[in-house]
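What follows is the content of query-v2.txt, which has compact mmCIF, C-alpha atoms:
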# COMPACT_ATOMS: atom_id res chain seq x y z
CA MET C 1 -28.44 -69.48 -39.75
CA SER C 2 -25.66 -66.91 -39.43
CA LEU C 3 -22.87 -66.87 -36.86
CA GLU C 4 -24.47 -63.89 -35.14
CA ALA C 5 -27.90 -65.54 -35.09
CA TRP C 6 -26.54 -68.67 -33.46
CA SER C 7 -24.55 -66.62 -30.97
CA THR C 8 -27.60 -64.64 -29.85
CA LEU C 9 -30.30 -67.33 -29.99
CA GLU C 10 -32.44 -67.23 -26.85
CA ALA C 11 -34.00 -70.12 -24.95
CA LYS C 12 -37.75 -70.26 -24.47
CA PRO C 13 -38.67 -69.49 -20.84
CA LEU C 14 -39.91 -72.37 -18.71
CA ASN C 15 -43.55 -72.30 -17.62
CA ALA C 16 -43.46 -71.26 -13.96
CA GLU C 17 -47.20 -71.74 -13.45
CA CYS C 18 -47.14 -75.37 -14.61
CA GLU C 19 -44.02 -75.97 -12.53
CA GLN C 20 -45.74 -74.67 -9.40
CA LYS C 21 -48.94 -76.65 -10.00
CA ALA C 22 -46.92 -79.82 -10.60
CA ARG C 23 -44.96 -79.24 -7.39
CA GLU C 24 -48.19 -78.73 -5.45
CA HIS C 25 -49.61 -81.91 -6.96
CA GLN C 26 -46.55 -83.84 -5.77
CA LEU C 27 -47.29 -82.75 -2.22
CA ARG C 28 -50.79 -84.25 -2.43
CA LEU C 29 -49.64 -87.72 -3.52
CA THR C 30 -49.78 -90.63 -1.07
CA LYS C 31 -46.14 -90.60 -0.01
CA PRO C 32 -43.92 -88.60 2.32
CA PRO C 33 -42.76 -85.39 0.57
CA GLY C 34 -39.52 -85.99 -1.29
CA SER C 35 -39.61 -89.76 -0.78
CA LEU C 36 -39.36 -90.44 -4.52
CA GLY C 37 -36.25 -88.29 -4.71
CA GLU C 38 -35.18 -87.26 -8.19
CA LEU C 39 -38.28 -88.79 -9.74
CA GLU C 40 -40.30 -85.98 -8.20
CA THR C 41 -37.85 -83.36 -9.47
CA LEU C 42 -37.92 -84.84 -12.97
CA ALA C 43 -41.71 -84.76 -13.15
CA VAL C 44 -41.83 -81.14 -12.03
CA SER C 45 -39.04 -80.13 -14.41
CA LEU C 46 -40.73 -81.81 -17.37
CA ALA C 47 -44.00 -80.10 -16.45
CA SER C 48 -42.33 -76.71 -16.67
CA MET C 49 -40.77 -77.61 -20.04
CA GLN C 50 -43.85 -79.15 -21.62
CA GLU C 51 -46.21 -76.49 -20.22
CA VAL C 52 -48.54 -79.05 -18.66
CA VAL C 53 -49.20 -80.19 -15.11
CA PHE C 54 -48.94 -83.85 -16.12
CA PRO C 55 -45.96 -84.32 -18.47
CA ALA C 56 -45.25 -87.38 -20.60
CA CYS C 57 -42.32 -88.90 -22.48
CA ASP C 58 -44.27 -91.27 -24.72
CA GLN C 59 -43.16 -89.62 -27.97
CA VAL C 60 -39.36 -89.70 -28.17
CA HIS C 61 -37.31 -88.58 -31.17
CA ILE C 62 -33.74 -89.86 -31.57
CA SER C 63 -31.39 -88.36 -34.17
CA VAL C 64 -27.96 -89.93 -34.66
CA PHE C 65 -25.48 -87.61 -36.36
CA ALA C 66 -22.51 -89.25 -38.08
CA ALA C 67 -19.33 -87.80 -39.56
CA ASP C 68 -15.67 -88.59 -40.13
CA HIS C 69 -12.71 -86.70 -38.65
CA GLY C 70 -9.48 -85.90 -40.44
CA VAL C 71 -7.55 -86.27 -37.19
CA ALA C 72 -8.26 -90.02 -37.35
CA ALA C 73 -5.19 -90.28 -39.60
CA ARG C 74 -3.07 -89.58 -36.50
CA GLY C 75 -3.79 -93.00 -35.00
CA VAL C 76 -5.96 -91.80 -32.11
CA SER C 77 -8.63 -94.51 -32.39
CA ALA C 78 -8.65 -98.28 -31.95
CA PHE C 79 -10.81 -98.63 -35.08
CA PRO C 80 -10.23 -97.69 -38.76
CA GLN C 81 -12.14 -94.77 -40.22
CA VAL C 82 -14.28 -97.00 -42.46
CA VAL C 83 -16.16 -98.07 -39.31
CA THR C 84 -18.04 -94.76 -39.30
CA SER C 85 -19.83 -95.48 -42.57
CA GLN C 86 -20.25 -99.15 -41.68
CA MET C 87 -21.97 -98.16 -38.46
CA VAL C 88 -24.19 -95.66 -40.29
CA LEU C 89 -25.47 -98.58 -42.36
CA ASN C 90 -25.79 -100.70 -39.23
CA PHE C 91 -27.91 -97.98 -37.59
CA ALA C 92 -30.19 -97.90 -40.60
CA ALA C 93 -30.45 -101.69 -40.73
CA GLY C 94 -31.46 -101.85 -37.07
CA GLY C 95 -28.40 -103.73 -35.81
CA ALA C 96 -26.74 -101.12 -33.57
CA ALA C 97 -27.36 -100.74 -29.85
CA ILE C 98 -29.21 -97.47 -30.28
CA SER C 99 -31.35 -98.99 -33.04
CA VAL C 100 -32.45 -101.78 -30.71
CA LEU C 101 -33.12 -99.39 -27.83
CA ALA C 102 -35.04 -96.97 -30.07
CA LYS C 103 -37.27 -99.82 -31.25
CA GLN C 104 -37.82 -100.93 -27.66
CA LEU C 105 -38.89 -97.40 -26.74
CA GLY C 106 -41.12 -97.01 -29.77
CA ALA C 107 -39.12 -93.89 -30.62
CA ASP C 108 -38.94 -92.06 -33.92
CA PHE C 109 -35.40 -92.86 -35.06
CA GLU C 110 -33.27 -91.32 -37.78
CA VAL C 111 -29.66 -91.36 -38.92
CA ILE C 112 -28.04 -88.33 -40.56
CA ASN C 113 -24.79 -88.57 -42.50
CA LEU C 114 -22.94 -85.25 -42.43
CA GLY C 115 -19.82 -86.56 -44.17
CA THR C 116 -18.12 -89.96 -44.31
CA VAL C 117 -15.02 -90.93 -46.28
CA ALA C 118 -16.55 -94.25 -47.35
CA ALA C 119 -19.99 -94.42 -48.93
CA ALA C 120 -22.95 -94.90 -46.59
CA ASP C 121 -25.85 -94.87 -49.01
CA HIS C 122 -29.10 -96.30 -47.68
CA PRO C 123 -32.72 -95.25 -48.21
CA ASP C 124 -33.15 -94.78 -44.46
CA VAL C 125 -30.08 -92.55 -44.04
CA ILE C 126 -30.68 -88.80 -44.32
CA ASP C 127 -27.95 -87.44 -46.60
CA ARG C 128 -26.63 -84.08 -45.39
CA ARG C 129 -23.00 -84.54 -46.43
CA ILE C 130 -20.93 -81.41 -46.08
CA ALA C 131 -17.56 -82.93 -47.01
CA GLU C 132 -15.99 -86.37 -46.77
CA GLN C 133 -14.59 -85.46 -43.37
CA THR C 134 -13.35 -82.54 -41.33
CA ALA C 135 -9.76 -81.46 -41.84
CA ASP C 136 -7.02 -82.71 -39.50
CA PHE C 137 -7.23 -80.17 -36.69
CA SER C 138 -3.64 -80.84 -35.65
CA VAL C 139 -2.43 -78.96 -38.76
CA THR C 140 -5.37 -76.72 -39.79
CA GLU C 141 -8.89 -75.68 -38.83
CA ALA C 142 -11.26 -78.65 -38.68
CA MET C 143 -14.01 -76.73 -40.49
CA THR C 144 -14.56 -73.52 -42.35
CA GLU C 145 -17.13 -71.20 -40.84
CA GLU C 146 -19.56 -72.09 -43.63
CA GLU C 147 -19.15 -75.82 -42.96
CA MET C 148 -19.69 -75.37 -39.23
CA LEU C 149 -22.85 -73.31 -39.79
CA ARG C 150 -24.19 -75.87 -42.27
CA ALA C 151 -23.66 -78.61 -39.70
CA MET C 152 -25.41 -76.61 -36.99
CA ASP C 153 -28.33 -76.03 -39.35
CA VAL C 154 -28.59 -79.81 -39.86
CA GLY C 155 -29.08 -80.13 -36.10
CA ALA C 156 -31.77 -77.46 -36.15
CA GLU C 157 -33.54 -79.30 -38.98
CA ALA C 158 -33.67 -82.42 -36.80
CA ILE C 159 -35.52 -80.47 -34.11
CA GLY C 160 -37.98 -79.32 -36.73
CA ARG C 161 -38.68 -82.92 -37.72
CA ALA C 162 -39.01 -83.95 -34.08
CA LEU C 163 -41.57 -81.22 -33.38
CA SER C 164 -43.51 -82.04 -36.56
CA LYS C 165 -43.96 -85.58 -35.20
CA GLY C 166 -45.16 -84.40 -31.81
CA ALA C 167 -42.00 -85.31 -29.91
CA GLN C 168 -42.08 -84.76 -26.15
CA LEU C 169 -38.37 -85.53 -25.71
CA PHE C 170 -35.33 -85.29 -27.99
CA ILE C 171 -32.14 -87.36 -27.90
CA ALA C 172 -29.05 -86.69 -30.01
CA GLY C 173 -26.67 -89.55 -30.69
CA GLU C 174 -23.39 -89.49 -32.56
CA MET C 175 -20.96 -91.66 -34.50
CA GLY C 176 -17.54 -90.72 -35.81
CA ILE C 177 -14.18 -92.44 -35.48
CA ALA C 178 -11.84 -90.07 -33.57
CA ASN C 179 -14.67 -87.91 -32.25
CA THR C 180 -13.53 -88.56 -28.68
CA THR C 181 -10.27 -86.85 -29.62
CA SER C 182 -12.20 -83.92 -31.07
CA ALA C 183 -14.42 -83.62 -27.99
CA SER C 184 -11.41 -83.85 -25.67
CA ALA C 185 -9.64 -81.10 -27.58
CA LEU C 186 -12.75 -78.93 -27.40
CA MET C 187 -13.04 -79.35 -23.64
CA ALA C 188 -9.34 -78.66 -23.14
CA ALA C 189 -9.72 -75.41 -25.08
CA LEU C 190 -12.98 -74.39 -23.42
CA LEU C 191 -11.73 -75.09 -19.89
CA ASN C 192 -8.14 -73.95 -20.52
CA MET C 193 -6.68 -77.35 -19.70
CA SER C 194 -3.86 -79.47 -21.12
CA GLY C 195 -4.30 -82.43 -23.42
CA GLU C 196 -2.95 -84.67 -20.67
CA SER C 197 -5.81 -83.60 -18.39
CA VAL C 198 -8.60 -84.47 -20.80
CA ALA C 199 -7.40 -87.35 -23.01
CA GLY C 200 -8.90 -90.77 -22.34
CA PRO C 201 -9.10 -94.22 -23.95
CA GLY C 202 -12.08 -93.45 -26.19
CA THR C 203 -12.75 -96.60 -28.20
CA GLY C 204 -10.27 -98.52 -26.06
CA ILE C 205 -6.77 -97.37 -27.03
CA GLY C 206 -3.86 -98.23 -24.76
CA ALA C 207 -1.69 -95.96 -22.65
CA PRO C 208 0.87 -95.13 -25.41
CA ALA C 209 -1.93 -94.05 -27.77
CA VAL C 210 -3.61 -92.00 -25.02
CA LYS C 211 -0.29 -90.23 -24.48
CA ARG C 212 -0.02 -89.55 -28.21
CA LYS C 213 -3.59 -88.24 -28.23
CA ALA C 214 -2.82 -85.92 -25.30
CA GLU C 215 0.27 -84.53 -26.99
CA LEU C 216 -1.65 -84.02 -30.24
CA ILE C 217 -4.40 -82.12 -28.40
CA SER C 218 -1.95 -79.88 -26.57
CA GLY C 219 -0.14 -79.15 -29.83
CA ALA C 220 -3.39 -78.35 -31.62
CA ILE C 221 -4.43 -75.92 -28.90
CA ARG C 222 -1.09 -74.12 -29.17
CA TYR C 223 -1.44 -74.01 -32.96
CA HIS C 224 -4.98 -72.57 -32.90
CA GLN C 225 -4.57 -70.43 -29.77
CA SER C 226 -5.42 -67.12 -31.41
CA SER C 227 -8.70 -68.53 -32.78
CA LEU C 228 -9.89 -70.20 -29.59
CA THR C 229 -11.42 -67.06 -28.12
CA SER C 230 -15.10 -68.07 -28.36
CA PRO C 231 -17.13 -71.28 -28.14
CA LEU C 232 -17.82 -71.25 -31.87
CA GLY C 233 -14.16 -70.49 -32.60
CA CYS C 234 -13.23 -73.60 -30.64
CA LEU C 235 -15.90 -75.61 -32.43
CA ARG C 236 -14.71 -74.49 -35.87
CA CYS C 237 -11.06 -75.24 -35.20
CA LEU C 238 -11.33 -78.46 -33.20
CA GLY C 239 -14.81 -79.90 -33.66
CA GLY C 240 -16.59 -82.28 -35.99
CA PHE C 241 -19.62 -82.02 -38.21
CA GLU C 242 -21.64 -84.28 -35.91
CA ILE C 243 -20.63 -82.32 -32.80
CA ALA C 244 -21.60 -79.06 -34.50
CA ALA C 245 -24.94 -80.60 -35.49
CA MET C 246 -25.61 -81.54 -31.87
CA VAL C 247 -24.76 -77.99 -30.74
CA GLY C 248 -27.27 -76.68 -33.26
CA ALA C 249 -29.86 -79.22 -32.17
CA TYR C 250 -29.50 -78.37 -28.48
CA LEU C 251 -29.72 -74.63 -29.10
CA GLN C 252 -32.73 -75.00 -31.37
CA ALA C 253 -34.42 -77.35 -28.90
CA ALA C 254 -34.06 -74.75 -26.15
CA HIS C 255 -35.29 -72.02 -28.48
CA GLN C 256 -38.33 -74.02 -29.64
CA GLY C 257 -39.01 -75.53 -26.22
CA ILE C 258 -38.49 -79.29 -26.36
CA PRO C 259 -36.72 -81.17 -23.53
CA VAL C 260 -33.49 -82.92 -24.46
CA LEU C 261 -31.89 -85.91 -22.78
CA VAL C 262 -28.12 -85.60 -23.14
CA ASP C 263 -26.09 -88.77 -23.62
CA GLY C 264 -22.40 -89.24 -22.78
CA PHE C 265 -19.02 -87.60 -23.29
CA ILE C 266 -19.40 -86.39 -26.89
CA SER C 267 -22.99 -85.25 -26.39
CA SER C 268 -22.10 -83.47 -23.15
CA THR C 269 -19.30 -81.63 -24.93
CA ALA C 270 -21.85 -80.36 -27.45
CA ALA C 271 -24.18 -79.46 -24.58
CA PHE C 272 -21.38 -77.55 -22.86
CA ILE C 273 -20.78 -75.50 -26.02
CA ALA C 274 -24.51 -74.83 -26.40
CA CYS C 275 -24.73 -73.65 -22.79
CA SER C 276 -21.64 -71.48 -23.30
CA LEU C 277 -23.53 -69.73 -26.11
CA CYS C 278 -26.90 -69.63 -24.33
CA GLU C 279 -26.80 -70.15 -20.57
CA ASP C 280 -30.54 -70.76 -20.34
CA ALA C 281 -30.29 -73.68 -22.78
CA LYS C 282 -29.30 -75.81 -19.78
CA GLN C 283 -32.84 -75.45 -18.42
CA TRP C 284 -34.00 -77.65 -21.31
CA MET C 285 -31.43 -80.39 -20.69
CA LEU C 286 -31.54 -83.52 -18.60
CA PHE C 287 -28.35 -85.58 -18.34
CA ALA C 288 -28.74 -89.31 -18.79
CA HIS C 289 -25.57 -90.94 -17.47
CA GLN C 290 -21.94 -90.57 -16.51
CA SER C 291 -19.78 -92.14 -19.18
CA ASP C 292 -16.78 -94.32 -18.43
CA GLU C 293 -14.67 -91.84 -20.41
CA PRO C 294 -12.63 -90.34 -17.55
CA PHE C 295 -13.14 -86.64 -18.30
CA HIS C 296 -16.93 -86.86 -18.57
CA GLN C 297 -17.30 -86.32 -14.83
CA GLN C 298 -15.45 -83.00 -15.12
CA ILE C 299 -17.82 -81.85 -17.87
CA LEU C 300 -20.83 -82.67 -15.72
CA SER C 301 -19.23 -80.86 -12.79
CA ALA C 302 -18.45 -77.83 -14.92
CA LEU C 303 -22.12 -77.75 -15.97
CA ASP C 304 -23.17 -78.32 -12.34
CA VAL C 305 -25.51 -81.18 -13.24
CA GLU C 306 -26.13 -84.67 -11.91
CA PRO C 307 -26.61 -87.61 -14.32
CA LEU C 308 -29.45 -90.08 -13.84
CA LEU C 309 -27.37 -93.23 -14.31
CA GLN C 310 -23.84 -94.54 -13.94
CA LEU C 311 -23.44 -97.82 -15.81
CA SER C 312 -19.79 -97.65 -16.96
CA MET C 313 -20.96 -97.15 -20.55
CA ARG C 314 -18.84 -95.51 -23.24
CA LEU C 315 -20.57 -96.49 -26.48
CA GLY C 316 -22.09 -93.18 -27.51
CA GLU C 317 -24.78 -93.31 -30.21
CA GLY C 318 -27.30 -91.92 -27.69
CA SER C 319 -27.46 -95.36 -26.04
CA GLY C 320 -27.14 -94.17 -22.43
CA ALA C 321 -29.83 -91.55 -22.99
CA ALA C 322 -32.16 -94.14 -24.50
CA LEU C 323 -31.74 -96.31 -21.41
CA ALA C 324 -32.67 -93.38 -19.17
CA VAL C 325 -35.96 -92.69 -20.98
CA ASN C 326 -37.81 -95.25 -18.89
CA ILE C 327 -36.77 -93.40 -15.73
CA LEU C 328 -38.44 -90.28 -17.12
CA ARG C 329 -41.49 -92.28 -18.13
CA SER C 330 -41.75 -93.76 -14.66
CA ALA C 331 -41.45 -90.30 -13.11
CA CYS C 332 -44.31 -89.07 -15.31
CA GLU C 333 -46.53 -92.08 -14.61
CA LEU C 334 -46.03 -91.85 -10.85
CA HIS C 335 -46.85 -88.15 -11.00
CA LYS C 336 -50.02 -88.82 -12.98
CA GLN C 337 -51.29 -92.16 -11.68
CA MET C 338 -50.60 -92.13 -7.93
CA ALA C 339 -53.57 -91.37 -5.73
CA THR C 340 -53.77 -88.18 -3.71
CA PHE C 341 -54.26 -88.28 0.06
CA GLU C 342 -57.77 -86.93 -0.36
CA GLY C 343 -58.69 -89.32 -3.17
CA ALA C 344 -57.40 -92.38 -1.35
CA GLY C 345 -58.80 -91.41 2.04
CA VAL C 346 -55.30 -91.46 3.58
CA ALA C 347 -54.33 -89.02 6.32
CA ASP C 348 -51.59 -86.67 5.20
CA HIS C 349 -50.31 -85.80 8.69

Here is the file; what I need is its structure written in the form of structure tokens.
Amino acid sequence: MSLEAWSTLEAKPLNAECEQKAREHQLRLTKPPGSLGELETLAVSLASMQEVVFPACDQVHISVFAADHGVAARGVSAFPQVVTSQMVLNFAAGGAAISVLAKQLGADFEVINLGTVAAADHPDVIDRRIAEQTADFSVTEAMTEEEMLRAMDVGAEAIGRALSKGAQLFIAGEMGIANTTSASALMAALLNMSGESVAGPGTGIGAPAVKRKAELISGAIRYHQSSLTSPLGCLRCLGGFEIAAMVGAYLQAAHQGIPVLVDGFISSTAAFIACSLCEDAKQWMLFAHQSDEPFHQQILSALDVEPLLQLSMRLGEGSGAALAVNILRSACELHKQMATFEGAGVADH
């Protein structure tokens, strides 16, 4: 898809009639109005997205996008770059946290390699390699425009696969050593903040490395300043292939009309970019949890959203979103299975 097409992509409108009928149904259930709190809101929101009065989250599709970052050479991560490809293989073999959670949920699960320095060949890994890694954004643009658009298209393809399998909910996960640095730089540019304001420990680096990361981000923003005039300009200069793929997935999900459950810091950065391009895309997003990465709270605040969970997680992979699926499932089951006042012979006032 072209730059213009991505920039002007529109979100599918929510179904107001189904939303209203679901809200009215909530008022007939054997409970005081509002007593189930956010579970009621979730059921009504999903009804408007899925265009039904009784929504469901039985069919979940999880796509994990993986890619390496050139900025990793600057010592901004606690782990070596080879871990990206090793984890891609671990995802495919079923040994990663998200692999276990996806199996527990009965979710359709896939891993997409957009570009790793070390080989990550496996029959269960979808090969969409664009390059071995992005360029080091501290000295040049992370991606060319063509590379960024290819990565976004990979995200859109994932939505196509999800819809072809009847998915009722989509989760994007990510893996990429140094992608916390990339996401932090993106948020600093998008919110006009300093590197010191956004940099955090990521994979667990100490204070000296966090300081180095902050200085690197601030320097990169100064270097690219003239190109950071649009969300996609920021993404091209400072982003990663996997972040671009998630942006594409979120935009395409909103356009096609499939609810998405957004994971943590990296995923929320991609969601913020998608919403910057298409404000109505946010209507198709639910936010799973507040990450332990310090700046994640500011992203959620900037989006004006409330996460479902706060478990001090900072793993990524889509793991926090996978944990939140059962909350959505419970909301749907309560909405569908609870008796009405009339049906149960219970007085409603």

Dump as a tab-separated table the rows for residues of region 172-275 of chain C within 12 Å of region 7-25 of chain C: closest atom pair and distance in Å with one decimal, only C-alpha atoms counted, ordered by chain and rising residue number.
residue	atom	partner	partner_atom	distance
C:Ser230	CA	C:Ser7	CA	9.9
C:Pro231	CA	C:Ser7	CA	9.2
C:Leu232	CA	C:Ser7	CA	8.2
C:Gly233	CA	C:Ser7	CA	11.2
C:Val247	CA	C:Ser7	CA	11.4
C:Gly248	CA	C:Leu9	CA	10.4
C:Tyr250	CA	C:Ala11	CA	10.0
C:Leu251	CA	C:Leu9	CA	7.4
C:Gln252	CA	C:Leu9	CA	8.2
C:Ala253	CA	C:Ala11	CA	8.2
C:Ala254	CA	C:Ala11	CA	4.8
C:His255	CA	C:Ala11	CA	4.2
C:Gln256	CA	C:Lys12	CA	6.4
C:Gly257	CA	C:Lys12	CA	5.7
C:Ile258	CA	C:Lys12	CA	9.3
C:Pro259	CA	C:Leu14	CA	10.5
C:Ile273	CA	C:Ser7	CA	10.8
C:Ala274	CA	C:Ser7	CA	9.4
C:Cys275	CA	C:Ala11	CA	10.2

Per-residue nearest contacts of region 37-152 of chain C to region 167-182 of chain C (9 Å; all atoms listed in the file) as a Markdown table:
| residue | atom | partner | partner_atom | distance |
| --- | --- | --- | --- | --- |
| C:Gln50 | CA | C:Gln168 | CA | 7.4 |
| C:Pro55 | CA | C:Gln168 | CA | 8.6 |
| C:Ala56 | CA | C:Gln168 | CA | 6.9 |
| C:Cys57 | CA | C:Gln168 | CA | 5.5 |
| C:Asp58 | CA | C:Gln168 | CA | 7.0 |
| C:Gln59 | CA | C:Ala167 | CA | 4.9 |
| C:Val60 | CA | C:Leu169 | CA | 4.9 |
| C:His61 | CA | C:Phe170 | CA | 5.0 |
| C:Ile62 | CA | C:Ile171 | CA | 4.7 |
| C:Ser63 | CA | C:Ala172 | CA | 5.1 |
| C:Val64 | CA | C:Gly173 | CA | 4.2 |
| C:Phe65 | CA | C:Glu174 | CA | 4.7 |
| C:Ala66 | CA | C:Met175 | CA | 4.6 |
| C:Ala67 | CA | C:Gly176 | CA | 5.1 |
| C:Asp68 | CA | C:Gly176 | CA | 5.2 |
| C:His69 | CA | C:Ala178 | CA | 6.2 |
| C:Gly70 | CA | C:Ala178 | CA | 8.4 |
| C:Val71 | CA | C:Ala178 | CA | 6.8 |
| C:Ala72 | CA | C:Ala178 | CA | 5.2 |
| C:Ala73 | CA | C:Ala178 | CA | 9.0 |
| C:Gly75 | CA | C:Ala178 | CA | 8.7 |
| C:Val76 | CA | C:Ala178 | CA | 6.3 |
| C:Ser77 | CA | C:Ala178 | CA | 5.6 |
| C:Ala78 | CA | C:Ile177 | CA | 8.8 |
| C:Phe79 | CA | C:Ile177 | CA | 7.1 |
| C:Pro80 | CA | C:Ile177 | CA | 7.3 |
| C:Gln81 | CA | C:Ile177 | CA | 5.7 |
| C:Val82 | CA | C:Ile177 | CA | 8.3 |
| C:Val83 | CA | C:Ile177 | CA | 7.1 |
| C:Thr84 | CA | C:Gly176 | CA | 5.4 |
| C:Ser85 | CA | C:Gly176 | CA | 8.6 |
| C:Met87 | CA | C:Met175 | CA | 7.7 |
| C:Val88 | CA | C:Met175 | CA | 7.7 |
| C:Ile98 | CA | C:Gly173 | CA | 8.3 |
| C:Asp108 | CA | C:Ala167 | CA | 8.4 |
| C:Val111 | CA | C:Gly173 | CA | 8.9 |
| C:Thr116 | CA | C:Gly176 | CA | 8.6 |
| C:Phe137 | CA | C:Ser182 | CA | 8.4 |

Output, as AutoDock Vina command-line options, the centre and edge lengths in Å (one decimal) of the axis-aligned box that contains all listed atoms of region 100-104 of chain C with 3 Å of margin on each side.
--center_x -35.1 --center_y -99.4 --center_z -29.5 --size_x 11.4 --size_y 10.8 --size_z 9.6

Do you have the CA of Val305 (chain C)-CA of Gly195 (chain C) distance handy?
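Rounded to one decimal, the two atoms are 23.6 Å apart.
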
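Taking all atoms listed in the file into account, Leu149 (chain C) lies nearest to C:Arg236 out of the set C:His335, C:Arg236, C:His224, C:Lys282.
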
Among the residues C:Arg74, C:Arg314, C:Arg28, C:Lys103, the one that comes closest to Pro201 (chain C) [using all atoms listed in the file]
C:Arg314

Using Å and a single decimal, report how far CA of Ala156 (chain C) sits from CA of Trp6 (chain C).
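Spanning CA of Trp6 (chain C) to CA of Ala156 (chain C) is a straight-line distance of 10.6 Å.
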